[in-house]
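Encoded as structure tokens, the structure appears first; notes follow it.
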Amino acid sequence: MNPAISNLILSLGLMQVARKIDFEDPQVLLYVRIAYVASQLISLGAYYYVSWVIKSKNDTKVLKYVEPKAPMSQEPAQAVTTTNRDYDLGEVQKAIRGVLMGCLFMAGMHLYMKYTQPLFMQAIMPLKSLYESNVVQIHLLGKSATGTLKRPFAAPASFMSPAKTEEPVEEKKAVEGKKEK
């Protein structure tokens, strides 16, 4: 199932559950806060562990691909040459940055705006995102890097995006495509 659609379904289900929780009770609020912090720590810990696994494997196989241009950008797509190790470490760093940005956003919403329902939802969602992460699938769950897990990873399609998304193309295929034209 498309991760964006499963996130939507999970969010709607969690909203219905959260409506039945009494967030005015300080004891319940404390448990939700603990669950949120534990979820974030598990996510960060798992990503740091995956980073350590990637470094210990030291996969120096060369990876060449053409990075798609950013939407609404005038810059052309660029050819990138890296190793599997560096590519995966970059993906882990993006994931860690995403977790930390989510924490900052949630801190603002909960501490400043006093919203509690999103805190409950964000105690569950990072664990789902962690499980669906390509680098976690490869390095922690031991799946092979083939099919949808083949590097370079396709950008995840959002719920509202068109069905066809532009994904990174291996350099050989990109060069062959240019020769045919």
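Residue numbering restarts at 1 in every chain; chains get A, B, ... in the order shown in the structure tokens, and ligands count up from 1 in that same order.
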
**Residues of chain A in strand (DSSP E or B), written as an NGL selection string** = :A and (62-67 or 78-83 or 169-170)

How would the residues just picked look written out with C-alpha atoms as a PDB file, in the first residue's frame?
```pdb
ATOM      1  CA  VAL A  62      30.151   3.000  -6.687  1.00  0.00           C
ATOM      2  CA  LEU A  63      26.675   4.358  -7.289  1.00  0.00           C
ATOM      3  CA  LYS A  64      26.107   6.693 -10.234  1.00  0.00           C
ATOM      4  CA  TYR A  65      22.747   8.311 -10.874  1.00  0.00           C
ATOM      5  CA  VAL A  66      21.132  11.465 -12.160  1.00  0.00           C
ATOM      6  CA  GLU A  67      19.403  13.365  -9.401  1.00  0.00           C
ATOM      7  CA  GLN A  78      22.786  16.730 -12.028  1.00  0.00           C
ATOM      8  CA  ALA A  79      24.808  13.539 -12.336  1.00  0.00           C
ATOM      9  CA  VAL A  80      25.957  12.246  -8.952  1.00  0.00           C
ATOM     10  CA  THR A  81      28.715   9.742  -8.240  1.00  0.00           C
ATOM     11  CA  THR A  82      28.905   8.331  -4.719  1.00  0.00           C
ATOM     12  CA  THR A  83      29.144   5.036  -2.861  1.00  0.00           C
ATOM     13  CA  VAL A 169      17.774   7.472 -12.764  1.00  0.00           C
ATOM     14  CA  GLU A 170      20.909   5.399 -12.859  1.00  0.00           C
TER      15      GLU A 170
END
```

Taking only C-alpha atoms into account, produce a table as JSON lines in which each residue of region 1-66 of chain A with an atom at most 10 Å from an atom of region 103-111 of chain A appears once, together with its shortest atom pair and the distance in Å to one decimal, ordered by chain and rising number.
```
{"residue": "A:Arg33", "atom": "CA", "partner": "A:His110", "partner_atom": "CA", "distance": 9.8}
{"residue": "A:Tyr36", "atom": "CA", "partner": "A:Cys103", "partner_atom": "CA", "distance": 9.4}
{"residue": "A:Val37", "atom": "CA", "partner": "A:Cys103", "partner_atom": "CA", "distance": 9.0}
{"residue": "A:Gln40", "atom": "CA", "partner": "A:Cys103", "partner_atom": "CA", "distance": 7.7}
```

Report the residues of region 20-80 of chain A whose backbone DSSP state falls under helix (DSSP H, G or I), written as a short mmCIF file (atom, residue, chain, number, x, y, z; two decimals) with C-alpha atoms, in the first residue's frame.
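Saved as selection.cif:
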```cif
data_model
loop_
_atom_site.label_atom_id
_atom_site.label_comp_id
_atom_site.auth_asym_id
_atom_site.auth_seq_id
_atom_site.Cartn_x
_atom_site.Cartn_y
_atom_site.Cartn_z
CA PRO A 26 -2.94 15.25 34.12
CA GLN A 27 -2.12 11.56 34.55
CA VAL A 28 -3.28 10.72 31.00
CA LEU A 29 -1.40 13.72 29.61
CA LEU A 30 1.77 12.57 31.37
CA TYR A 31 1.45 9.09 29.84
CA VAL A 32 0.90 10.56 26.37
CA ARG A 33 3.98 12.77 26.79
CA ILE A 34 6.03 9.78 27.92
CA ALA A 35 4.80 7.74 24.95
CA TYR A 36 5.71 10.59 22.58
CA VAL A 37 9.22 11.02 23.97
CA ALA A 38 9.77 7.24 24.00
CA SER A 39 8.63 7.00 20.37
CA GLN A 40 11.02 9.76 19.29
CA LEU A 41 13.91 8.22 21.23
CA ILE A 42 13.24 4.82 19.66
CA SER A 43 13.23 6.41 16.20
CA LEU A 44 16.44 8.34 16.80
CA GLY A 45 18.11 5.33 18.40
CA ALA A 46 17.14 3.10 15.49
CA TYR A 47 18.45 5.60 12.93
CA TYR A 48 21.73 6.01 14.80
CA TYR A 49 22.05 2.22 15.01
CA VAL A 50 21.39 1.94 11.25
CA SER A 51 24.06 4.58 10.72
CA TRP A 52 26.50 2.50 12.77
CA VAL A 53 25.59 -0.64 10.77
CA ILE A 54 26.15 1.20 7.48
CA LYS A 55 29.55 2.43 8.65
CA SER A 56 30.55 -1.05 9.83
CA LYS A 57 29.53 -2.65 6.50
#
```

**Request:** Go ahead and compute the interatomic distance for CA of Tyr131 (chain A) and CA of Leu8 (chain A), in Å to one decimal.
**Result:**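 Result for CA of Tyr131 (chain A) versus CA of Leu8 (chain A): 16.1 Å, one decimal.
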
**Message:** For Asn7 (chain A), find every residue with an atom within 8 Å (counting only C-alpha atoms), except residues of its own chain fewer than 4 positions away, and show them as a list in words.
**Reply:**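 That gives Pro3, Ser11 and Met125 of chain A.
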